[in-house]
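Participant: If it helps, the file is called work09.tsv and holds TSV, C-alpha atoms (C1' of nucleotides):
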```tsv
chain	number	residue	atom	x	y	z
A	1	MET	CA	117.32	-80.54	-3.80
A	2	LEU	CA	118.06	-81.91	-7.23
A	3	LYS	CA	119.91	-85.04	-6.34
A	4	LEU	CA	121.86	-87.08	-8.80
A	5	SER	CA	121.41	-90.85	-8.43
A	6	THR	CA	124.36	-92.98	-7.42
A	7	LYS	CA	124.07	-94.72	-10.76
A	8	GLY	CA	124.82	-91.48	-12.52
A	9	GLN	CA	127.63	-90.59	-10.17
A	10	TYR	CA	129.26	-94.01	-10.28
A	11	GLY	CA	128.77	-94.16	-14.01
A	12	VAL	CA	130.76	-91.01	-14.57
A	13	ARG	CA	133.50	-92.19	-12.25
A	14	ALA	CA	133.63	-95.55	-14.00
A	15	MET	CA	133.88	-93.85	-17.36
A	16	PHE	CA	136.71	-91.79	-15.99
A	17	GLU	CA	138.65	-94.94	-15.10
A	18	ILE	CA	137.95	-96.47	-18.48
A	19	ALA	CA	139.01	-93.27	-20.19
A	20	LYS	CA	142.38	-93.48	-18.52
A	21	GLY	CA	142.99	-96.74	-20.39
A	22	TYR	CA	142.24	-95.15	-23.73
A	23	PRO	CA	142.99	-96.09	-26.45
A	24	GLU	CA	144.56	-99.48	-25.79
A	25	LYS	CA	144.38	-100.84	-22.30
A	26	PRO	CA	141.09	-102.51	-21.40
A	27	VAL	CA	140.02	-101.69	-17.87
A	28	THR	CA	138.39	-104.47	-15.86
A	29	ILE	CA	135.36	-104.13	-13.67
A	30	LYS	CA	137.44	-105.27	-10.75
A	31	GLU	CA	139.89	-102.42	-11.21
A	32	ILE	CA	137.12	-99.89	-11.38
A	33	SER	CA	135.46	-101.43	-8.39
A	34	GLU	CA	138.63	-101.09	-6.33
A	35	LYS	CA	139.64	-97.64	-7.45
A	36	GLN	CA	136.18	-96.13	-7.23
A	37	ASP	CA	134.90	-98.18	-4.32
A	38	VAL	CA	131.75	-99.49	-5.95
A	39	SER	CA	130.60	-103.11	-5.89
A	40	VAL	CA	131.24	-105.29	-8.92
A	41	SER	CA	127.58	-106.25	-9.19
A	42	TYR	CA	126.42	-102.70	-9.24
A	43	LEU	CA	129.05	-101.70	-11.75
A	44	GLU	CA	127.97	-104.52	-14.02
A	45	GLN	CA	124.51	-103.03	-14.25
A	46	ILE	CA	125.88	-99.62	-14.98
A	47	LEU	CA	128.47	-100.66	-17.55
A	48	ASN	CA	125.92	-102.81	-19.26
A	49	LYS	CA	123.78	-99.82	-20.02
A	50	LEU	CA	126.74	-97.81	-21.21
A	51	ARG	CA	127.94	-100.61	-23.42
A	52	ARG	CA	124.52	-101.10	-24.97
A	53	ALA	CA	124.41	-97.39	-25.64
A	54	GLY	CA	127.68	-97.71	-27.52
A	55	LEU	CA	129.73	-95.53	-25.25
A	56	ILE	CA	132.10	-98.34	-24.36
A	57	LYS	CA	133.18	-101.64	-25.86
A	58	SER	CA	133.92	-104.81	-23.92
A	59	VAL	CA	136.77	-107.22	-24.54
A	60	LYS	CA	136.33	-110.67	-23.09
A	61	GLY	CA	138.85	-113.15	-21.78
A	62	PRO	CA	142.01	-112.71	-19.76
A	63	GLY	CA	143.47	-109.29	-20.31
A	64	GLY	CA	140.05	-108.09	-21.30
A	65	GLY	CA	137.92	-105.32	-19.89
A	66	TYR	CA	136.25	-102.17	-21.09
A	67	LEU	CA	137.40	-99.64	-23.62
A	68	LEU	CA	136.07	-96.25	-24.58
A	69	SER	CA	134.37	-96.28	-27.99
A	70	LYS	CA	135.62	-92.83	-28.86
A	71	GLU	CA	138.12	-90.27	-27.69
A	72	PRO	CA	137.84	-88.98	-24.13
A	73	ASP	CA	137.23	-85.47	-25.34
A	74	ALA	CA	134.36	-86.66	-27.48
A	75	VAL	CA	132.45	-88.13	-24.55
A	76	SER	CA	130.45	-85.58	-22.62
A	77	ILE	CA	129.12	-86.00	-19.12
A	78	ALA	CA	125.67	-85.31	-20.54
A	79	GLU	CA	125.88	-88.42	-22.72
A	80	ILE	CA	126.78	-90.61	-19.80
A	81	LEU	CA	124.07	-89.30	-17.52
A	82	ASN	CA	121.53	-89.44	-20.31
A	83	GLU	CA	122.05	-93.15	-20.71
A	84	LEU	CA	121.95	-93.88	-17.01
A	85	GLU	CA	119.23	-91.55	-15.83
A	86	GLY	CA	117.47	-90.35	-18.92
A	87	PRO	CA	117.38	-86.74	-20.04
A	88	VAL	CA	117.05	-83.87	-17.64
A	89	ALA	CA	113.35	-83.52	-16.83
A	90	LEU	CA	112.82	-81.39	-13.79
A	91	THR	CA	109.08	-82.03	-13.83
A	92	SER	CA	107.15	-85.03	-15.05
A	93	CYS	CA	105.47	-82.99	-17.76
A	94	LEU	CA	108.86	-82.26	-19.25
A	95	GLU	CA	109.71	-85.91	-19.72
A	96	PRO	CA	110.07	-87.18	-23.29
A	97	ASP	CA	106.68	-88.88	-23.25
A	98	GLY	CA	105.07	-86.59	-20.72
A	99	ARG	CA	102.23	-84.32	-21.56
A	100	CYS	CA	101.25	-81.37	-19.48
A	101	VAL	CA	97.56	-80.75	-19.03
A	102	ARG	CA	98.21	-77.28	-17.81
A	103	VAL	CA	100.87	-76.21	-20.29
A	104	ASP	CA	99.13	-73.15	-21.57
A	105	ASN	CA	98.40	-71.57	-18.24
A	106	CYS	CA	101.33	-73.07	-16.42
A	107	VAL	CA	103.55	-70.18	-15.49
A	108	THR	CA	106.41	-72.35	-14.39
A	109	HIS	CA	106.59	-74.59	-17.42
A	110	LEU	CA	108.98	-72.34	-19.28
A	111	LEU	CA	111.03	-71.78	-16.18
A	112	TRP	CA	111.77	-75.47	-15.61
A	113	LYS	CA	112.34	-75.97	-19.27
A	114	ALA	CA	114.88	-73.17	-19.37
A	115	LEU	CA	116.69	-74.46	-16.32
A	116	GLY	CA	116.79	-77.94	-17.79
A	117	GLN	CA	118.34	-76.61	-20.97
A	118	GLN	CA	120.84	-74.68	-18.96
A	119	ILE	CA	121.91	-77.82	-17.12
A	120	GLU	CA	122.15	-79.87	-20.30
A	121	ALA	CA	124.19	-77.17	-21.96
A	122	PHE	CA	126.62	-77.20	-19.08
A	123	LEU	CA	126.99	-80.97	-19.02
A	124	ASN	CA	127.44	-81.05	-22.76
A	125	THR	CA	130.53	-78.93	-22.58
A	126	ILE	CA	132.33	-81.07	-20.02
A	127	THR	CA	134.05	-84.18	-21.33
A	128	LEU	CA	135.98	-87.07	-19.86
A	129	LYS	CA	139.13	-85.38	-21.01
A	130	ASN	CA	138.27	-82.36	-18.91
A	131	LEU	CA	137.86	-84.68	-15.99
A	132	ILE	CA	141.25	-86.24	-16.56
A	133	THR	CA	143.11	-83.00	-17.03
A	134	GLY	CA	140.97	-81.22	-14.47
A	135	ASP	CA	140.83	-78.12	-16.62
A	136	PHE	CA	137.18	-77.29	-16.85
A	137	ASN	CA	136.65	-73.73	-15.95
A	138	ILE	CA	133.93	-73.07	-13.43
A	139	LYS	CA	133.97	-69.35	-13.88
A	140	ALA	CA	133.31	-69.63	-17.56
A	141	PHE	CA	129.78	-70.63	-16.81
A	142	ILE	CA	128.73	-68.37	-14.05
A	143	ARG	CA	127.71	-64.85	-14.81
B	1	MET	CA	117.21	-87.14	-14.19
B	2	LEU	CA	117.30	-84.33	-11.69
B	3	LYS	CA	113.69	-84.20	-10.66
B	4	LEU	CA	112.21	-81.39	-8.68
B	5	SER	CA	109.83	-82.51	-5.93
B	6	THR	CA	106.18	-81.59	-6.17
B	7	LYS	CA	106.59	-79.59	-3.00
B	8	GLY	CA	109.03	-77.32	-4.77
B	9	GLN	CA	106.91	-77.06	-7.87
B	10	TYR	CA	103.68	-76.38	-6.02
B	11	GLY	CA	105.47	-73.99	-3.74
B	12	VAL	CA	106.59	-71.81	-6.61
B	13	ARG	CA	103.15	-71.88	-8.15
B	14	ALA	CA	101.56	-70.98	-4.83
B	15	MET	CA	103.97	-68.09	-4.41
B	16	PHE	CA	103.04	-66.94	-7.87
B	17	GLU	CA	99.37	-66.75	-6.88
B	18	ILE	CA	100.22	-64.93	-3.68
B	19	ALA	CA	102.43	-62.53	-5.58
B	20	LYS	CA	99.52	-61.57	-7.77
B	21	GLY	CA	97.75	-60.23	-4.67
B	22	TYR	CA	100.69	-58.04	-3.74
B	23	PRO	CA	100.75	-55.67	-1.94
B	24	GLU	CA	97.24	-55.60	-0.51
B	25	LYS	CA	94.96	-58.48	-1.29
B	26	PRO	CA	95.47	-61.55	0.88
B	27	VAL	CA	95.17	-64.75	-1.11
B	28	THR	CA	93.46	-67.69	0.57
B	29	ILE	CA	94.62	-71.25	0.49
B	30	LYS	CA	91.37	-72.19	-1.12
B	31	GLU	CA	91.96	-69.84	-4.04
B	32	ILE	CA	95.44	-71.20	-4.56
B	33	SER	CA	94.14	-74.72	-4.31
B	34	GLU	CA	91.58	-74.10	-7.03
B	35	LYS	CA	93.75	-72.13	-9.39
B	36	GLN	CA	96.77	-74.36	-9.11
B	37	ASP	CA	94.95	-77.63	-8.58
B	38	VAL	CA	96.67	-78.71	-5.39
B	39	SER	CA	94.90	-80.00	-2.27
B	40	VAL	CA	94.34	-77.64	0.61
B	41	SER	CA	96.04	-79.97	3.09
B	42	TYR	CA	99.15	-80.24	1.04
B	43	LEU	CA	99.28	-76.51	0.47
B	44	GLU	CA	99.02	-75.94	4.20
B	45	GLN	CA	102.24	-77.82	4.76
B	46	ILE	CA	103.98	-75.93	2.03
B	47	LEU	CA	102.79	-72.46	3.00
B	48	ASN	CA	103.65	-73.19	6.61
B	49	LYS	CA	107.27	-73.62	5.74
B	50	LEU	CA	107.31	-70.52	3.62
B	51	ARG	CA	105.64	-68.48	6.32
B	52	ARG	CA	108.08	-69.67	8.97
B	53	ALA	CA	110.91	-68.75	6.64
B	54	GLY	CA	109.48	-65.24	6.46
B	55	LEU	CA	108.71	-65.27	2.76
B	56	ILE	CA	105.00	-64.74	3.33
B	57	LYS	CA	102.76	-63.37	6.05
B	58	SER	CA	99.36	-64.73	7.02
B	59	VAL	CA	96.26	-62.72	7.85
B	60	LYS	CA	93.60	-64.56	9.80
B	61	GLY	CA	89.86	-64.18	9.76
B	62	PRO	CA	87.40	-63.53	6.97
B	63	GLY	CA	89.07	-61.68	4.15
B	64	GLY	CA	92.35	-63.07	5.33
B	65	GLY	CA	94.88	-65.14	3.51
B	66	TYR	CA	98.52	-64.93	2.59
B	67	LEU	CA	100.59	-61.96	1.58
B	68	LEU	CA	104.06	-61.63	0.20
B	69	SER	CA	106.54	-60.26	2.76
B	70	LYS	CA	108.47	-58.32	0.17
B	71	GLU	CA	108.17	-57.17	-3.40
B	72	PRO	CA	107.70	-59.78	-6.10
B	73	ASP	CA	110.96	-58.81	-7.75
B	74	ALA	CA	112.79	-59.31	-4.48
B	75	VAL	CA	111.74	-62.94	-4.16
B	76	SER	CA	113.85	-65.33	-6.19
B	77	ILE	CA	112.89	-68.85	-7.15
B	78	ALA	CA	116.05	-69.99	-5.40
B	79	GLU	CA	114.76	-68.69	-2.08
B	80	ILE	CA	111.51	-70.55	-2.41
B	81	LEU	CA	113.08	-73.84	-3.39
B	82	ASN	CA	115.73	-73.49	-0.72
B	83	GLU	CA	113.09	-73.37	1.97
B	84	LEU	CA	111.10	-76.25	0.59
B	85	GLU	CA	113.82	-78.59	-0.56
B	86	GLY	CA	117.02	-77.32	0.94
B	87	PRO	CA	119.97	-76.07	-1.07
B	88	VAL	CA	121.06	-77.65	-4.31
B	89	ALA	CA	123.21	-80.66	-3.42
B	90	LEU	CA	123.68	-82.95	-6.37
B	91	THR	CA	125.54	-85.49	-4.28
B	92	SER	CA	125.24	-86.31	-0.61
B	93	CYS	CA	128.79	-85.18	0.05
B	94	LEU	CA	127.85	-81.72	-1.15
B	95	GLU	CA	125.09	-81.32	1.40
B	96	PRO	CA	125.57	-78.66	4.07
B	97	ASP	CA	126.48	-81.20	6.76
B	98	GLY	CA	127.91	-83.79	4.41
B	99	ARG	CA	131.52	-84.78	4.42
B	100	CYS	CA	133.20	-86.52	1.55
B	101	VAL	CA	135.70	-89.22	2.42
B	102	ARG	CA	137.07	-89.22	-1.07
B	103	VAL	CA	137.22	-85.48	-1.66
B	104	ASP	CA	140.88	-85.27	-2.50
B	105	ASN	CA	140.94	-87.96	-5.11
B	106	CYS	CA	137.37	-87.53	-6.23
B	107	VAL	CA	137.53	-86.32	-9.79
B	108	THR	CA	133.87	-85.51	-9.98
B	109	HIS	CA	133.56	-83.48	-6.79
B	110	LEU	CA	134.39	-80.21	-8.47
B	111	LEU	CA	132.17	-81.02	-11.40
B	112	TRP	CA	129.04	-81.48	-9.30
B	113	LYS	CA	129.92	-78.49	-7.23
B	114	ALA	CA	130.26	-76.33	-10.31
B	115	LEU	CA	127.00	-77.54	-11.75
B	116	GLY	CA	125.26	-76.90	-8.46
B	117	GLN	CA	126.54	-73.35	-8.41
B	118	GLN	CA	125.43	-72.88	-11.96
B	119	ILE	CA	121.92	-73.96	-11.08
B	120	GLU	CA	121.76	-71.76	-8.00
B	121	ALA	CA	123.02	-68.81	-9.97
B	122	PHE	CA	120.28	-69.29	-12.51
B	123	LEU	CA	117.52	-69.63	-9.94
B	124	ASN	CA	118.78	-66.60	-8.09
B	125	THR	CA	118.23	-64.38	-11.07
B	126	ILE	CA	114.63	-65.38	-11.65
B	127	THR	CA	112.06	-63.69	-9.43
B	128	LEU	CA	108.33	-63.91	-8.94
B	129	LYS	CA	108.02	-60.73	-10.93
B	130	ASN	CA	109.68	-62.42	-13.87
B	131	LEU	CA	107.12	-65.17	-13.55
B	132	ILE	CA	104.26	-62.70	-13.60
B	133	THR	CA	105.51	-60.69	-16.54
B	134	GLY	CA	106.95	-63.76	-18.23
B	135	ASP	CA	110.02	-61.86	-19.28
B	136	PHE	CA	112.92	-63.98	-18.14
B	137	ASN	CA	115.37	-64.43	-20.92
B	138	ILE	CA	116.46	-67.97	-21.56
B	139	LYS	CA	119.16	-67.08	-24.00
B	140	ALA	CA	120.92	-64.86	-21.55
B	141	PHE	CA	122.16	-67.92	-19.72
B	142	ILE	CA	123.22	-70.26	-22.39
B	143	ARG	CA	126.55	-69.93	-24.08
C	1	DC	C1'	79.15	-66.26	18.07
C	2	DA	C1'	79.51	-68.25	13.86
C	3	DA	C1'	81.99	-68.26	9.82
C	4	DT	C1'	86.26	-68.20	7.91
C	5	DA	C1'	90.97	-69.27	7.94
C	6	DC	C1'	95.20	-70.79	9.62
C	7	DT	C1'	98.04	-74.52	12.60
C	8	DT	C1'	99.79	-78.80	13.94
C	9	DG	C1'	100.95	-83.50	14.10
C	10	DA	C1'	100.20	-88.17	12.91
C	11	DC	C1'	99.95	-91.39	9.51
C	12	DA	C1'	100.02	-94.37	5.21
C	13	DA	C1'	100.34	-95.67	0.41
C	14	DT	C1'	103.60	-95.57	-3.28
C	15	DA	C1'	107.50	-95.23	-5.83
C	16	DT	C1'	112.19	-95.04	-6.46
C	17	DC	C1'	116.73	-95.99	-5.19
C	18	DA	C1'	120.60	-98.61	-4.01
C	19	DG	C1'	122.53	-102.60	-3.87
C	20	DT	C1'	122.99	-107.92	-3.44
C	21	DA	C1'	122.96	-112.53	-5.13
C	22	DA	C1'	123.14	-116.39	-8.11
C	23	DG	C1'	123.91	-118.60	-12.05
C	24	DG	C1'	124.96	-118.38	-16.96
C	25	DT	C1'	127.76	-117.41	-21.25
C	26	DA	C1'	131.84	-116.17	-23.89
C	27	DT	C1'	136.86	-115.86	-24.80
C	28	DT	C1'	141.60	-116.56	-24.40
C	29	DT	C1'	145.79	-118.52	-22.93
C	30	DA	C1'	148.65	-122.17	-21.62
D	1	DT	C1'	140.87	-128.40	-24.55
D	2	DA	C1'	140.41	-127.10	-20.03
D	3	DA	C1'	140.98	-123.70	-16.69
D	4	DA	C1'	141.11	-119.07	-15.78
D	5	DT	C1'	139.35	-114.83	-16.55
D	6	DA	C1'	135.80	-111.81	-17.50
D	7	DC	C1'	131.44	-110.36	-18.95
D	8	DC	C1'	125.96	-111.03	-19.00
D	9	DT	C1'	121.34	-111.43	-17.21
D	10	DT	C1'	117.63	-111.62	-14.20
D	11	DA	C1'	115.42	-111.52	-9.96
D	12	DC	C1'	114.86	-109.81	-5.65
D	13	DT	C1'	114.87	-107.01	-1.35
D	14	DG	C1'	115.40	-103.49	2.17
D	15	DA	C1'	115.69	-98.67	2.95
D	16	DT	C1'	114.30	-94.18	2.16
D	17	DA	C1'	111.88	-90.31	0.35
D	18	DT	C1'	107.88	-88.67	-1.77
D	19	DT	C1'	103.27	-87.48	-1.95
D	20	DG	C1'	99.88	-86.81	-0.10
D	21	DT	C1'	95.42	-87.54	3.45
D	22	DC	C1'	93.08	-86.96	7.83
D	23	DA	C1'	91.60	-85.20	12.13
D	24	DA	C1'	91.45	-82.06	15.52
D	25	DG	C1'	92.73	-78.11	16.97
D	26	DT	C1'	93.48	-72.41	17.54
D	27	DA	C1'	92.90	-67.62	16.14
D	28	DT	C1'	90.42	-63.67	14.17
D	29	DT	C1'	86.87	-60.88	12.49
D	30	DG	C1'	82.25	-59.31	10.90
```
So that I can check it, write out the structure of this file as structure tokens.

Facilitator:
Amino acid sequence: MLKLSTKGQYGVRAMFEIAKGYPEKPVTIKEISEKQDVSVSYLEQILNKLRRAGLIKSVKGPGGGYLLSKEPDAVSIAEILNELEGPVALTSCLEPDGRCVRVDNCVTHLLWKALGQQIEAFLNTITLKNLITGDFNIKAFIR
Amino acid sequence: MLKLSTKGQYGVRAMFEIAKGYPEKPVTIKEISEKQDVSVSYLEQILNKLRRAGLIKSVKGPGGGYLLSKEPDAVSIAEILNELEGPVALTSCLEPDGRCVRVDNCVTHLLWKALGQQIEAFLNTITLKNLITGDFNIKAFIR
DNA sequence: CAATACTTGACAATATCAGTAAGGTATTTA
DNA sequence: TAAATACCTTACTGATATTGTCAAGTATTG
């Protein structure tokens, strides 16, 4: 249960590659495609969204590519996934524009909301820098 | 992102209704259907799985219905969702029978694994009793 | 024995996902 | 200034999973 879409997964991996070029070296789609084994076409869709959201900047022409807009440790996984898949919304009534007819007598509403917050909180603490250095601590979050 | 299927949602709500009858009063599908606004046919599929998994027992004949197999505070939300949707597996390579070709150089593998564990840990601590009394503490999990 | 309730399996409409394809636009370097 | 490089946009399609419905049973009890 609770699958992450490939767009989200690939997006994070693409951002990881771009982050490695920070702050100077633009990373091309082709490089990302080869290193992360994702088609150029598909990556274009993904990077487009991320660029429009301001997470990355593009540099055209030979020697061009993509650059991170801010420092790797200022980009959380939550931000990336939010742009590609929207916010965590375990049920449709928890979506930004969703309304729940049953809210008041819905015993599970609070449960899903709490879990969603828990997930967001986790993803907010992990950044691209953590991914690069590999030093995010699993145990810190489990109690 | 990260949607829960209706089967999982309805399943938890159905278990909540059944839990309210614990330990004596069998709860019929029809009652659940009316109180939780889910079709009888669909509930049959869901309750079937839960019964086969041993989470509930069925009593046939007039006055029959479904009963919880164990105490409400011994049934976690994780158990219910596990039966209906399988274990948390954010990516296909984290599924029970999945193998990841890229594991070794996959920077995100550990990340998704950690998040999955975090989610499972949360769901393991919430029980049907918590749902009934409404006293699960959100703040306890967020740091 | 009739009412009530559970059991099973087949099936279909939708929606979402995952990915491809084609053609266009912009920029830089030689 | 032209060729190379790279990004941009839109449309489309096949696969898969979800979300149920429907029909025809079987079992139990009052």

Participant: Select all residues from chain A having any atom no more than 10 Å from an atom of chain C (counting all atoms listed in the file, ignoring ligands), output as a ChimeraX atom specification.

Facilitator: /A:5-7,38-39,41-42,59-64

Participant: Is it possible to get the residues within 10 Å of (137.7, -82.3, -23.0) (coordinates as in the file, counting all atoms listed in the file) written as JSON, numbers by chain?

Facilitator: {"A": [71, 72, 73, 74, 75, 76, 125, 126, 127, 128, 129, 130, 131, 132, 133, 134, 135, 136]}

Participant: Please produce an output containing C-alpha atoms for each residue in the selection, written as a tab-separated table (two decimals), in the frame of the given file.

Facilitator:
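File written: result.tsv
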```tsv
chain	number	residue	atom	x	y	z
A	71	GLU	CA	138.12	-90.27	-27.69
A	72	PRO	CA	137.84	-88.98	-24.13
A	73	ASP	CA	137.23	-85.47	-25.34
A	74	ALA	CA	134.36	-86.66	-27.48
A	75	VAL	CA	132.45	-88.13	-24.55
A	76	SER	CA	130.45	-85.58	-22.62
A	125	THR	CA	130.53	-78.93	-22.58
A	126	ILE	CA	132.33	-81.07	-20.02
A	127	THR	CA	134.05	-84.18	-21.33
A	128	LEU	CA	135.98	-87.07	-19.86
A	129	LYS	CA	139.13	-85.38	-21.01
A	130	ASN	CA	138.27	-82.36	-18.91
A	131	LEU	CA	137.86	-84.68	-15.99
A	132	ILE	CA	141.25	-86.24	-16.56
A	133	THR	CA	143.11	-83.00	-17.03
A	134	GLY	CA	140.97	-81.22	-14.47
A	135	ASP	CA	140.83	-78.12	-16.62
A	136	PHE	CA	137.18	-77.29	-16.85
```

Participant: Compile the residues of chain D that lie within 8 Å of chain A, evaluated using only C-alpha atoms (C1' of nucleotides), and express the compilation as an mmCIF file with C-alpha atoms (C1' of nucleotides), in the coordinates of the input.

Facilitator:
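What landed in iface34.cif:
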```
data_model
loop_
_atom_site.group_PDB
_atom_site.id
_atom_site.type_symbol
_atom_site.label_atom_id
_atom_site.label_comp_id
_atom_site.auth_asym_id
_atom_site.auth_seq_id
_atom_site.Cartn_x
_atom_site.Cartn_y
_atom_site.Cartn_z
ATOM 1 C "C1'" DA D 4 141.110 -119.070 -15.780
ATOM 2 C "C1'" DT D 5 139.350 -114.830 -16.550
ATOM 3 C "C1'" DA D 6 135.800 -111.810 -17.500
ATOM 4 C "C1'" DC D 7 131.440 -110.360 -18.950
#
```

Participant: When you look at Ile46 of chain A with a cut-off of 10 Å (counting all atoms listed in the file), what residues show up, excluding the ones that are within fewer than 6 positions of it in the same chain? I need them as a ChimeraX atom specification.

Facilitator: /A:7-8,10-12,14,40,83-84

Participant: Using only C-alpha atoms and a distance of at most 7 Å, pull out the residues of chain B that contact chain A, as JSON, numbers by chain.

Facilitator: {"B": [1, 2, 3, 4, 85, 86, 87, 88, 89, 90, 91, 107, 114, 118, 131, 138, 141, 142]}

Participant: Write the residues you've just listed into a file as a PDB file, in the frame of the given file, and include C-alpha atoms for each of them.

Facilitator:
```pdb
ATOM      1  CA  MET B   1     117.210 -87.140 -14.190  1.00  0.00           C
ATOM      2  CA  LEU B   2     117.300 -84.330 -11.690  1.00  0.00           C
ATOM      3  CA  LYS B   3     113.690 -84.200 -10.660  1.00  0.00           C
ATOM      4  CA  LEU B   4     112.210 -81.390  -8.680  1.00  0.00           C
ATOM      5  CA  GLU B  85     113.820 -78.590  -0.560  1.00  0.00           C
ATOM      6  CA  GLY B  86     117.020 -77.320   0.940  1.00  0.00           C
ATOM      7  CA  PRO B  87     119.970 -76.070  -1.070  1.00  0.00           C
ATOM      8  CA  VAL B  88     121.060 -77.650  -4.310  1.00  0.00           C
ATOM      9  CA  ALA B  89     123.210 -80.660  -3.420  1.00  0.00           C
ATOM     10  CA  LEU B  90     123.680 -82.950  -6.370  1.00  0.00           C
ATOM     11  CA  THR B  91     125.540 -85.490  -4.280  1.00  0.00           C
ATOM     12  CA  VAL B 107     137.530 -86.320  -9.790  1.00  0.00           C
ATOM     13  CA  ALA B 114     130.260 -76.330 -10.310  1.00  0.00           C
ATOM     14  CA  GLN B 118     125.430 -72.880 -11.960  1.00  0.00           C
ATOM     15  CA  LEU B 131     107.120 -65.170 -13.550  1.00  0.00           C
ATOM     16  CA  ILE B 138     116.460 -67.970 -21.560  1.00  0.00           C
ATOM     17  CA  PHE B 141     122.160 -67.920 -19.720  1.00  0.00           C
ATOM     18  CA  ILE B 142     123.220 -70.260 -22.390  1.00  0.00           C
TER      19      ILE B 142
END
```

Participant: Show which residues sit within 9 Å of Gly21 of chain B, as a list in words. Count all atoms listed in the file, and ignore same-chain residues fewer than 6 positions away.

Facilitator: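 Using all atoms listed in the file, the neighbours found are Val27, Tyr66, Leu67 and Leu68 of chain B.
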
Participant: So the first atom is atom CA of Glu34 of chain A and the second is atom CA of Ile56 of chain A; what is the distance between them in Å, to one decimal place?

Facilitator: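 Atom CA of Ile56 of chain A lies 19.4 Å from atom CA of Glu34 of chain A.
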
Participant: Grab the atom CA of Gly54 of chain A to atom CA of Pro23 of chain A distance for me, in Å with one decimal place.

Facilitator: 15.4 Å

Participant: Mind giving me the straight-line distance from atom CA of Lys57 of chain B to atom CA of Lys25 of chain B in Å, one decimal?

Facilitator: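 Calculated distance between atom CA of Lys57 of chain B and atom CA of Lys25 of chain B is 11.8 Å.
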
Participant: Given the choices A:Ile32, A:Val101, A:Leu43, A:Pro26, which gets closest to Ser69 of chain A if the distance is worked out from all atoms listed in the file?

Facilitator: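 Counting all atoms listed in the file, the residue closest to Ser69 of chain A is A:Pro26.
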
Participant: Taking the partial coordinates given, rebuild segment 64-76 of chain A to contain N, CA and C atoms; return it as a compact mmCIF listing (two decimals), in the coordinates of the input.

Facilitator:
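The resulting out_9.txt:
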```
# COMPACT_ATOMS: atom_id res chain seq x y z
N GLY A 64 141.16 -108.86 -20.74
CA GLY A 64 140.05 -108.09 -21.30
C GLY A 64 139.60 -106.98 -20.38
N GLY A 65 138.44 -106.42 -20.71
CA GLY A 65 137.92 -105.32 -19.89
C GLY A 65 137.09 -104.39 -20.75
N TYR A 66 137.05 -103.14 -20.34
CA TYR A 66 136.25 -102.17 -21.09
C TYR A 66 137.12 -101.11 -21.72
N LEU A 67 136.70 -100.69 -22.89
CA LEU A 67 137.40 -99.64 -23.62
C LEU A 67 136.42 -98.56 -24.05
N LEU A 68 136.90 -97.34 -24.09
CA LEU A 68 136.07 -96.25 -24.58
C LEU A 68 135.85 -96.42 -26.09
N SER A 69 134.65 -96.15 -26.56
CA SER A 69 134.37 -96.28 -27.99
C SER A 69 134.92 -95.12 -28.81
N LYS A 70 135.05 -93.97 -28.15
CA LYS A 70 135.62 -92.83 -28.86
C LYS A 70 136.54 -92.04 -27.93
N GLU A 71 137.15 -91.03 -28.47
CA GLU A 71 138.12 -90.27 -27.69
C GLU A 71 137.51 -89.64 -26.44
N PRO A 72 138.32 -89.57 -25.39
CA PRO A 72 137.84 -88.98 -24.13
C PRO A 72 137.26 -87.59 -24.30
N ASP A 73 137.78 -86.82 -25.21
CA ASP A 73 137.23 -85.47 -25.34
C ASP A 73 136.01 -85.43 -26.27
N ALA A 74 135.58 -86.61 -26.67
CA ALA A 74 134.36 -86.66 -27.48
C ALA A 74 133.20 -87.24 -26.67
N VAL A 75 133.50 -87.58 -25.42
CA VAL A 75 132.45 -88.13 -24.55
C VAL A 75 132.08 -87.10 -23.49
N SER A 76 130.88 -86.58 -23.60
CA SER A 76 130.45 -85.58 -22.62
C SER A 76 129.77 -86.24 -21.42
```
